[in-house]
Amino acid sequence: MKTRVTALDRQSSDGLTSDQIDKMRGQYGWNELPRPPLPGPLSVFLRQFRGTLVLILVIAAAIAFFLGERVDALAIGLVLILNAVIGFVQEWRAETALDALRSMLSPTAIVVRDGREHEIAARELLPGDLVILATGAAVPADIWITAATNVSVDESALTGESLPIEKSENAEGDDCRIFAGTALVKGRAQGLVTATGQATQFGNIARLTGQLSEKRTNLQRRLGRLAQKIGIGAIAIAGVVVAIGMAVGRPLFEMFMTGLSLAVAMVPEGLPAVVTITLALGASAMARKKALARRMQAVETLGAASVICTDKTGTLTENQMTATEVWTAERTYVVTGEGYEPAGRIETDRQPVRAGDDPVLAALLKTGLVCNHAVLQKDGPAWQMIGEPTEGALVTLAFKGWSPPIHQAERLAENPFSSERKRMSVLAQDGEAVRLFVKGAPETILERCIDVMTGAGPQPLDGTTRDAALQSYARMAGRGLRVLALAVRNAAPGDMAEERLSFLGLVGMIDPPRIEVKAALDLARASGIRVVMITGDGAVTASAIACQIGLGTPDVIEGAEIDGLDDDELAARLTGDVLFARTRPEHKLRIVKALQTNGKIVAMTGDGVNDAPALKQADIGIAMGIRGTEVSKSAADLILLDDNFSTIVKAIGEGRRQFENVRKFVRYLLSSNAGEVIAIVVNLLIGGPLIFLATQILWMNLVTDGVTAVALGLEKEEPDLMDRPPRAADEPILGMNGLALIVLFGSYTAAASLWIFYSLLPFGADLARTAAFTAMLVFEKVSVFAFRSLRRPVTSIGWLSNCVLIIAFSVSLCLQVAAVYWAPLQALLKTVPLSLEHWTTIGLLALPLIVVPELVKAVAIRRKSQRPHS
């Protein structure tokens, strides 16, 4: 059986019933605009033939066919089909992975159905649903307002109007309606859905682009430019090779096919597909770690983060606010129990106290209920809170003190809490009288009070009592408690002046740090990532929490001090160890810009509508998936599904892994291609027979490279990956070290292949060519193990830790064995059988590609480990 304790009975209707929902679903469908259709399998397969190089190969196959070279034409055709199949598998996995991520980004809405509040996916809304919206909520449908409190709506996405529009249930025309695609920037509203999906005003004008951005990432653009430069060079070198061949008397068609194949060999045409699927699978992996990438840029950028600006509440802490102490001018109360479980009690001198036992406590608990929008409800054995954690703690506190519930009819007007005002006030009917109930930051409330409530009635708030209240506030905050002050005064209808108040007391609450945060902070520091805590809490509370979670004792900069600093001064202060307290959302934006001025790559967390500018300004905007508003989620690059700081650190590790794997397979592909190019060019200069035929070159590059490179992109995180400092945002994929590696591997594989070719040439060109062709492919496949880690020996990460790579390696070798011994492939690739002696020679020459890199990396690690002791 379900029961509910709520501060306000905010419904005047029970909403739709289950029977109505079932009948209406078929008529109105889902509350969503149509997504761009997922490309069908056939269209994904056909677009594998769109590339320039692929078109050139098609033309070459046609030329070969008309010149009577039917075997060559068939071989090229088969290679094209095999390449298309591989590309199709890669892109189809990427498409389906991205579509799965889109489905996880569905916004939610609070509705009243069957007389109870429910949180449902916004797409499930139907006309007639009763919806409840709070500050920061994205409006999920067109809604007619039935109740509103100080509501302002940002309609810029719909109308272009830059200023918020005030809305009210008593207005006329569009002023009593809110529309899908807009957002509440202030207040609370309740209303009935009048239109959903395409029937909304937004649906009539919007083109759905999907919440996951599909634009090319910075990494993809850089790889594209790299491939373009390589392509231009490939065409130039191919032209030179054709010219050399013609000069030494080679047949035109033979040299045309060789030059074409050489161009294909030089260009890593599989890069776009490999990058796409690697990033898409990386985004899926991050989602499994509770970090949902809204934009694939987040996957590649997150690994470069050098600073994390993090909120405290719910990110570093549990977001389970619990009232533990109540202070009034006459006594102090201890509150038992944890979280939102109302089974505890309020005690003094270890004796339980109820609201009816103390008029001051009763007034304090009632004020906490009136200035409140939280709902505490029980479903079976578990209690759940819907609303803001601080307000949930006050509802739980009132429940423990047996305070009677408050009803909607008692509320007359509200001045909502804001980060600028730091207080909330509600005008309500209290029996025969009208009173203004106020809660907020202690220093803000005390300066507006003229007396203090006692058991004998209001007494003047003298300096002694004020000092006692401030000392109690400091004592509670020093223990890491969040402290709220509560006050009240008699008022007339419409009188909302927050002044001449009667001070009731203080409520101290604690939001305990998450157990795993300290270890996550240690890992972040070991990774060279700086963590800056930014909170709206006071300086004392912020310092106490920082000490508890292991941030030490950084200097505290409050929001008021930020206002007094210019941009250069703020950037200078950020070079030291600091944390920020009593901040407003606009302070976050300045902090991000100042850090970026210092050359930092900034990840910023946020959950409110006013955090959107800072989230957009940050290199990686991170929104809270549980308590974050829909506006903040739409502005972010990454959404934490569990609102947990440790998830950010895990996501950074995943981002680093993805970038490292992209770097590995780029270098691997280019080093493999370099060996083929060097061997062909040197062989032509020597003047011997062709070392590789055109179909053999196509086989090496279009059949076997892509699968192995994708498998390399699935490498697990290296053990020391998070011990390294963050990479620079503009760090090149190759760099001088990468180019040197490519030249070294290419030179060795080319020299070894040429040696095999000319050693066997006296026994026949076909045998020599088959052996050189097989050797080059084996060298390329074996060298992949050297690229599994660019720093550590494979022995330290495990030879069998990447099962997909082992399978790809085995399949490639099996295909090559088939190419050498299976008659149909022998005819296509013009190969002949090799003896055991030939295979042994190839194997021995392949060993240095494994042994030498392992020794070099082992020696480098040993020298590095000894360096601090030298």
# chains A, B, ... in the order shown; residues from 1 in each chain; ligands from 1
call {"tool": "select_by_dssp", "arguments": {"residues": "region 490-638 of chain A", "states": "strand (DSSP E or B)", "output": "PyMOL selection string"}}
result
chain A and resi 490+501-510+513+530-534+555-558+578-581+602-606+620-624+638
call {"tool": "write_last_selection", "arguments": {"atoms": "N, CA and C atoms", "output": "CSV table (one decimal), in the first residue's frame"}}
result
chain,number,residue,atom,x,y,z
A,490,ASN,N,3.3,38.2,11.3
A,490,ASN,CA,1.9,38.4,10.9
A,490,ASN,C,1.9,39.3,9.7
A,501,LEU,N,10.9,40.5,10.7
A,501,LEU,CA,10.5,39.1,10.9
A,501,LEU,C,10.8,38.7,12.3
A,502,SER,N,10.1,37.6,12.8
A,502,SER,CA,10.4,37.0,14.0
A,502,SER,C,11.3,35.8,13.8
A,503,PHE,N,12.5,35.7,14.4
A,503,PHE,CA,13.4,34.6,14.1
A,503,PHE,C,12.9,33.4,14.9
A,504,LEU,N,12.8,32.2,14.3
A,504,LEU,CA,12.4,31.0,14.9
A,504,LEU,C,13.6,30.1,15.3
A,505,GLY,N,14.5,30.0,14.4
A,505,GLY,CA,15.7,29.1,14.8
A,505,GLY,C,16.4,28.7,13.6
A,506,LEU,N,17.3,27.7,13.8
A,506,LEU,CA,18.2,27.2,12.8
A,506,LEU,C,18.0,25.7,12.7
A,507,VAL,N,18.1,25.2,11.4
A,507,VAL,CA,18.1,23.7,11.2
A,507,VAL,C,19.4,23.4,10.5
A,508,GLY,N,20.1,22.4,11.1
A,508,GLY,CA,21.4,22.0,10.6
A,508,GLY,C,21.2,20.6,9.9
A,509,MET,N,21.6,20.5,8.6
A,509,MET,CA,21.5,19.3,7.9
A,509,MET,C,22.8,18.9,7.3
A,510,ILE,N,22.9,17.6,7.1
A,510,ILE,CA,24.2,17.1,6.6
A,510,ILE,C,23.9,16.3,5.3
A,513,PRO,N,29.5,12.9,2.5
A,513,PRO,CA,30.3,12.6,1.2
A,513,PRO,C,30.0,11.2,0.8
A,530,ARG,N,43.3,18.5,-11.9
A,530,ARG,CA,43.0,19.3,-10.7
A,530,ARG,C,41.5,19.4,-10.5
A,531,VAL,N,41.1,19.3,-9.3
A,531,VAL,CA,39.7,19.4,-8.9
A,531,VAL,C,39.4,20.7,-8.2
A,532,VAL,N,38.4,21.4,-8.7
A,532,VAL,CA,38.0,22.7,-8.0
A,532,VAL,C,36.6,22.6,-7.6
A,533,MET,N,36.3,22.6,-6.3
A,533,MET,CA,35.0,22.5,-5.8
A,533,MET,C,34.3,23.9,-5.8
A,534,ILE,N,33.1,23.9,-6.4
A,534,ILE,CA,32.3,25.2,-6.4
A,534,ILE,C,30.9,24.8,-5.8
A,555,ASP,N,42.3,27.6,-0.1
A,555,ASP,CA,41.8,29.0,0.1
A,555,ASP,C,40.4,29.0,-0.4
A,556,VAL,N,39.5,29.7,0.4
A,556,VAL,CA,38.1,29.8,0.0
A,556,VAL,C,37.9,31.2,-0.6
A,557,ILE,N,37.3,31.2,-1.7
A,557,ILE,CA,36.9,32.5,-2.4
A,557,ILE,C,35.3,32.5,-2.5
A,558,GLU,N,34.7,33.5,-1.9
A,558,GLU,CA,33.2,33.5,-1.9
A,558,GLU,C,32.8,34.3,-3.1
A,578,VAL,N,42.4,26.6,-4.6
A,578,VAL,CA,41.2,27.3,-4.1
A,578,VAL,C,40.0,26.5,-4.2
A,579,LEU,N,39.0,26.9,-3.5
A,579,LEU,CA,37.6,26.4,-3.7
A,579,LEU,C,36.7,27.6,-3.6
A,580,PHE,N,35.5,27.4,-4.1
A,580,PHE,CA,34.5,28.6,-4.2
A,580,PHE,C,33.3,28.3,-3.4
A,581,ALA,N,32.8,29.2,-2.6
A,581,ALA,CA,31.6,29.1,-1.8
A,581,ALA,C,30.7,30.3,-2.1
A,602,VAL,N,38.8,22.4,-19.4
A,602,VAL,CA,38.0,22.4,-18.3
A,602,VAL,C,36.7,21.5,-18.5
A,603,ALA,N,36.5,20.7,-17.5
A,603,ALA,CA,35.2,19.9,-17.4
A,603,ALA,C,34.4,20.6,-16.3
A,604,MET,N,33.2,21.0,-16.6
A,604,MET,CA,32.3,21.7,-15.7
A,604,MET,C,31.0,21.0,-15.4
A,605,THR,N,30.7,20.8,-14.1
A,605,THR,CA,29.4,20.2,-13.8
A,605,THR,C,28.4,21.2,-13.6
A,606,GLY,N,27.1,20.9,-13.8
A,606,GLY,CA,26.0,21.8,-13.6
A,606,GLY,C,24.7,21.1,-13.5
A,620,ILE,N,34.2,20.6,-21.7
A,620,ILE,CA,33.3,19.4,-21.6
A,620,ILE,C,32.2,19.8,-20.5
A,621,GLY,N,31.0,20.1,-20.9
A,621,GLY,CA,29.9,20.4,-20.0
A,621,GLY,C,29.3,19.1,-19.5
A,622,ILE,N,29.2,19.0,-18.2
A,622,ILE,CA,28.7,17.7,-17.6
A,622,ILE,C,27.4,18.1,-16.8
A,623,ALA,N,26.3,17.5,-17.2
A,623,ALA,CA,25.0,17.7,-16.5
A,623,ALA,C,24.7,16.6,-15.6
A,624,MET,N,23.9,16.8,-14.5
A,624,MET,CA,23.5,15.8,-13.6
A,624,MET,C,22.3,15.1,-14.1
A,638,LEU,N,28.0,15.8,-21.7
A,638,LEU,CA,28.0,14.5,-21.0
A,638,LEU,C,27.0,14.6,-19.9
call {"tool": "residues_around", "arguments": {"residues": "Tyr340 (chain A)", "least_positions_apart": "2", "cutoff": "9 Å", "atoms": "only C-alpha atoms", "output": "list of chain:residue names"}}
result
A:Gln320, A:Met321, A:Thr322, A:Gly337, A:Glu338, A:Pro342, A:Ala343, A:Leu376, A:Trp383, A:Gln384, A:Met385, A:Gly392, A:Ala393, A:Val395, A:Thr396, A:Leu397
call {"tool": "write_last_selection", "arguments": {"atoms": "all heavy atoms", "output": "tab-separated table (two decimals), in the first residue's frame"}}
result
chain	number	residue	atom	x	y	z
A	320	GLN	N	21.45	13.15	-0.08
A	320	GLN	CA	20.42	12.62	0.82
A	320	GLN	C	20.44	13.50	2.07
A	320	GLN	O	20.92	13.10	3.13
A	320	GLN	CB	20.73	11.16	1.18
A	320	GLN	CG	20.46	10.18	0.08
A	320	GLN	CD	19.01	9.71	0.08
A	320	GLN	OE1	18.38	9.58	1.14
A	320	GLN	NE2	18.48	9.44	-1.09
A	321	MET	N	19.93	14.71	1.92
A	321	MET	CA	20.01	15.68	3.00
A	321	MET	C	19.20	15.21	4.21
A	321	MET	O	18.05	14.78	4.07
A	321	MET	CB	19.50	17.04	2.52
A	321	MET	CG	19.84	18.18	3.43
A	321	MET	SD	21.61	18.51	3.52
A	321	MET	CE	21.90	19.26	1.93
A	322	THR	N	19.83	15.29	5.38
A	322	THR	CA	19.19	14.84	6.62
A	322	THR	C	19.35	15.90	7.69
A	322	THR	O	20.47	16.32	7.99
A	322	THR	CB	19.84	13.53	7.11
A	322	THR	OG1	19.78	12.55	6.08
A	322	THR	CG2	19.13	13.01	8.34
A	337	GLY	N	17.82	9.39	12.92
A	337	GLY	CA	17.40	8.86	11.62
A	337	GLY	C	18.28	9.38	10.50
A	337	GLY	O	18.98	10.38	10.64
A	338	GLU	N	18.24	8.70	9.36
A	338	GLU	CA	19.05	9.06	8.21
A	338	GLU	C	18.21	9.18	6.96
A	338	GLU	O	17.17	8.51	6.83
A	338	GLU	CB	20.15	8.01	7.98
A	338	GLU	CG	21.14	7.90	9.13
A	338	GLU	CD	22.20	6.85	8.86
A	338	GLU	OE1	22.08	6.14	7.83
A	338	GLU	OE2	23.15	6.74	9.65
A	342	PRO	N	11.39	8.61	7.60
A	342	PRO	CA	10.85	9.41	8.72
A	342	PRO	C	10.66	8.63	10.01
A	342	PRO	O	9.83	9.00	10.85
A	342	PRO	CB	9.51	9.88	8.16
A	342	PRO	CG	9.09	8.80	7.24
A	342	PRO	CD	10.34	8.23	6.65
A	343	ALA	N	11.45	7.59	10.20
A	343	ALA	CA	11.28	6.76	11.39
A	343	ALA	C	12.01	7.33	12.61
A	343	ALA	O	11.83	6.82	13.71
A	343	ALA	CB	11.77	5.34	11.12
A	376	LEU	N	7.17	13.49	0.07
A	376	LEU	CA	7.73	12.27	0.64
A	376	LEU	C	6.68	11.19	0.50
A	376	LEU	O	5.55	11.36	0.97
A	376	LEU	CB	8.08	12.49	2.11
A	376	LEU	CG	8.96	11.43	2.77
A	376	LEU	CD1	10.33	11.39	2.14
A	376	LEU	CD2	9.06	11.71	4.27
A	383	TRP	N	11.05	4.54	1.22
A	383	TRP	CA	10.56	5.91	1.12
A	383	TRP	C	11.31	6.62	0.00
A	383	TRP	O	12.52	6.46	-0.16
A	383	TRP	CB	10.78	6.67	2.43
A	383	TRP	CG	9.83	6.23	3.51
A	383	TRP	CD1	9.96	5.17	4.34
A	383	TRP	CD2	8.60	6.87	3.86
A	383	TRP	NE1	8.89	5.09	5.20
A	383	TRP	CE2	8.03	6.13	4.92
A	383	TRP	CE3	7.91	7.98	3.38
A	383	TRP	CZ2	6.83	6.45	5.51
A	383	TRP	CZ3	6.70	8.33	3.98
A	383	TRP	CH2	6.17	7.57	5.02
A	384	GLN	N	10.58	7.41	-0.77
A	384	GLN	CA	11.16	8.18	-1.85
A	384	GLN	C	10.78	9.64	-1.69
A	384	GLN	O	9.69	9.97	-1.24
A	384	GLN	CB	10.68	7.67	-3.22
A	384	GLN	CG	11.18	6.28	-3.56
A	384	GLN	CD	10.73	5.85	-4.94
A	384	GLN	OE1	9.70	6.29	-5.43
A	384	GLN	NE2	11.50	4.98	-5.56
A	385	MET	N	11.73	10.50	-2.09
A	385	MET	CA	11.49	11.93	-2.02
A	385	MET	C	11.49	12.51	-3.43
A	385	MET	O	12.40	12.26	-4.21
A	385	MET	CB	12.56	12.61	-1.16
A	385	MET	CG	12.25	14.07	-0.79
A	385	MET	SD	12.69	15.28	-2.05
A	385	MET	CE	14.46	15.10	-2.11
A	392	GLY	N	13.19	18.27	1.07
A	392	GLY	CA	12.84	16.92	1.51
A	392	GLY	C	13.24	16.68	2.94
A	392	GLY	O	12.53	16.00	3.70
A	393	ALA	N	14.41	17.22	3.35
A	393	ALA	CA	14.85	17.06	4.73
A	393	ALA	C	13.90	17.77	5.69
A	393	ALA	O	13.64	17.27	6.81
A	393	ALA	CB	16.27	17.62	4.88
A	395	VAL	N	10.64	18.30	5.18
A	395	VAL	CA	9.41	17.50	5.26
A	395	VAL	C	9.63	16.31	6.20
A	395	VAL	O	8.79	15.99	7.05
A	395	VAL	CB	8.99	17.02	3.86
A	395	VAL	CG1	7.80	16.06	3.96
A	395	VAL	CG2	8.63	18.20	2.98
A	396	THR	N	10.78	15.64	6.05
A	396	THR	CA	11.09	14.51	6.92
A	396	THR	C	11.18	14.95	8.38
A	396	THR	O	10.70	14.26	9.28
A	396	THR	CB	12.42	13.87	6.48
A	396	THR	OG1	12.38	13.56	5.09
A	396	THR	CG2	12.70	12.60	7.26
A	397	LEU	N	11.80	16.11	8.61
A	397	LEU	CA	11.91	16.65	9.97
A	397	LEU	C	10.53	16.90	10.57
A	397	LEU	O	10.26	16.56	11.73
A	397	LEU	CB	12.71	17.94	9.95
A	397	LEU	CG	12.86	18.69	11.28
A	397	LEU	CD1	13.67	17.87	12.27
A	397	LEU	CD2	13.50	20.06	11.06
call {"tool": "select_by_dssp", "arguments": {"residues": "region 669-803 of chain A", "states": "helix (DSSP H, G or I)", "output": "ChimeraX atom specification"}}
result
/A:669-686,694-712,721-723,735-763,765-787,794-797,803
call {"tool": "closest_residue", "arguments": {"among": "A:Asp643, A:Glu498, A:Glu854, A:Glu124", "to": "Arg788 (chain A)", "atoms": "only C-alpha atoms"}}
result
A:Glu854
call {"tool": "atom_distance", "arguments": {"atom1": "CA of Val360 (chain A)", "atom2": "CA of Glu341 (chain A)"}}
result
24.0 Å
call {"tool": "atom_distance", "arguments": {"atom1": "CA of Phe787 (chain A)", "atom2": "CA of Leu693 (chain A)"}}
result
27.6 Å
call {"tool": "residues_around", "arguments": {"residues": "Val540 (chain A)", "least_positions_apart": "6", "cutoff": "10 Å", "atoms": "only C-alpha atoms", "output": "list of chain:residue names"}}
result
A:Tyr473, A:Ala474, A:Arg475, A:Met476, A:Ala477, A:Gly478, A:Arg479, A:Gly480, A:Leu481, A:Arg482, A:Ala546, A:Val556, A:Ala581
call {"tool": "residues_around", "arguments": {"residues": "region 424-429 of chain A", "least_positions_apart": "5", "cutoff": "7 Å", "atoms": "only C-alpha atoms", "output": "NGL selection string"}}
result
:A and (370-371 or 410-417 or 434-440 or 496)
call {"tool": "atom_distance", "arguments": {"atom1": "CA of Tyr668 (chain A)", "atom2": "CA of Gly713 (chain A)"}}
result
10.8 Å
call {"tool": "residues_around", "arguments": {"residues": "Ala238 (chain A)", "least_positions_apart": "2", "cutoff": "7 Å", "atoms": "only C-alpha atoms", "output": "PyMOL selection string"}}
result
chain A and resi 234-236+240-242+259-260+262-263
call {"tool": "closest_residue", "arguments": {"among": "A:Met255, A:Leu615, A:Thr553, A:Leu446", "to": "Glu499 (chain A)", "atoms": "only C-alpha atoms"}}
result
A:Leu446
call {"tool": "residues_around", "arguments": {"residues": "region 104-119 of chain A", "least_positions_apart": "4", "cutoff": "6 Å", "atoms": "only C-alpha atoms", "output": "ChimeraX atom specification"}}
result
/A:14-17,130-132
call {"tool": "closest_residue", "arguments": {"among": "A:Leu133, A:Ile445, A:Leu754, A:Leu74", "to": "Ala827 (chain A)", "atoms": "only C-alpha atoms"}}
result
A:Leu74
call {"tool": "decode", "arguments": {"residues": "region 448-460 of chain A", "atoms": "N, CA, C and O atoms", "output": "mmCIF file, in the first residue's frame"}}
result
data_model
loop_
_atom_site.group_PDB
_atom_site.id
_atom_site.type_symbol
_atom_site.label_atom_id
_atom_site.label_comp_id
_atom_site.auth_asym_id
_atom_site.auth_seq_id
_atom_site.Cartn_x
_atom_site.Cartn_y
_atom_site.Cartn_z
ATOM 1 N N ARG A 448 17.063 40.520 8.599
ATOM 2 C CA ARG A 448 15.702 40.983 8.347
ATOM 3 C C ARG A 448 14.782 40.739 9.544
ATOM 4 O O ARG A 448 13.586 40.945 9.458
ATOM 5 N N CYS A 449 15.365 40.275 10.669
ATOM 6 C CA CYS A 449 14.565 39.984 11.864
ATOM 7 C C CYS A 449 14.704 41.118 12.891
ATOM 8 O O CYS A 449 15.800 41.694 13.061
ATOM 9 N N ILE A 450 13.612 41.383 13.585
ATOM 10 C CA ILE A 450 13.643 42.389 14.654
ATOM 11 C C ILE A 450 13.407 41.760 16.017
ATOM 12 O O ILE A 450 13.659 42.389 17.049
ATOM 13 N N ASP A 451 12.862 40.545 16.057
ATOM 14 C CA ASP A 451 12.665 39.879 17.341
ATOM 15 C C ASP A 451 12.862 38.382 17.156
ATOM 16 O O ASP A 451 13.059 37.888 16.044
ATOM 17 N N VAL A 452 12.835 37.660 18.275
ATOM 18 C CA VAL A 452 13.054 36.228 18.276
ATOM 19 C C VAL A 452 11.898 35.570 19.007
ATOM 20 O O VAL A 452 11.411 36.075 20.031
ATOM 21 N N MET A 453 11.423 34.432 18.481
ATOM 22 C CA MET A 453 10.283 33.743 19.074
ATOM 23 C C MET A 453 10.745 32.892 20.258
ATOM 24 O O MET A 453 11.737 32.156 20.164
ATOM 25 N N THR A 454 10.016 32.991 21.373
ATOM 26 C CA THR A 454 10.285 32.175 22.557
ATOM 27 C C THR A 454 8.978 31.571 23.050
ATOM 28 O O THR A 454 7.901 31.886 22.518
ATOM 29 N N GLY A 455 9.090 30.728 24.076
ATOM 30 C CA GLY A 455 7.878 30.131 24.622
ATOM 31 C C GLY A 455 6.947 31.160 25.210
ATOM 32 O O GLY A 455 5.726 30.939 25.289
ATOM 33 N N ALA A 456 7.478 32.317 25.611
ATOM 34 C CA ALA A 456 6.664 33.384 26.191
ATOM 35 C C ALA A 456 6.206 34.390 25.143
ATOM 36 O O ALA A 456 5.627 35.418 25.481
ATOM 37 N N GLY A 457 6.519 34.117 23.879
ATOM 38 C CA GLY A 457 6.142 35.037 22.823
ATOM 39 C C GLY A 457 7.357 35.732 22.229
ATOM 40 O O GLY A 457 8.505 35.505 22.655
ATOM 41 N N PRO A 458 7.152 36.646 21.259
ATOM 42 C CA PRO A 458 8.283 37.336 20.621
ATOM 43 C C PRO A 458 9.021 38.234 21.612
ATOM 44 O O PRO A 458 8.412 38.938 22.418
ATOM 45 N N GLN A 459 10.356 38.194 21.549
ATOM 46 C CA GLN A 459 11.216 39.044 22.356
ATOM 47 C C GLN A 459 12.165 39.797 21.418
ATOM 48 O O GLN A 459 12.533 39.298 20.353
ATOM 49 N N PRO A 460 12.593 41.015 21.779
ATOM 50 C CA PRO A 460 13.502 41.771 20.899
ATOM 51 C C PRO A 460 14.762 40.960 20.600
ATOM 52 O O PRO A 460 15.329 40.299 21.485
#
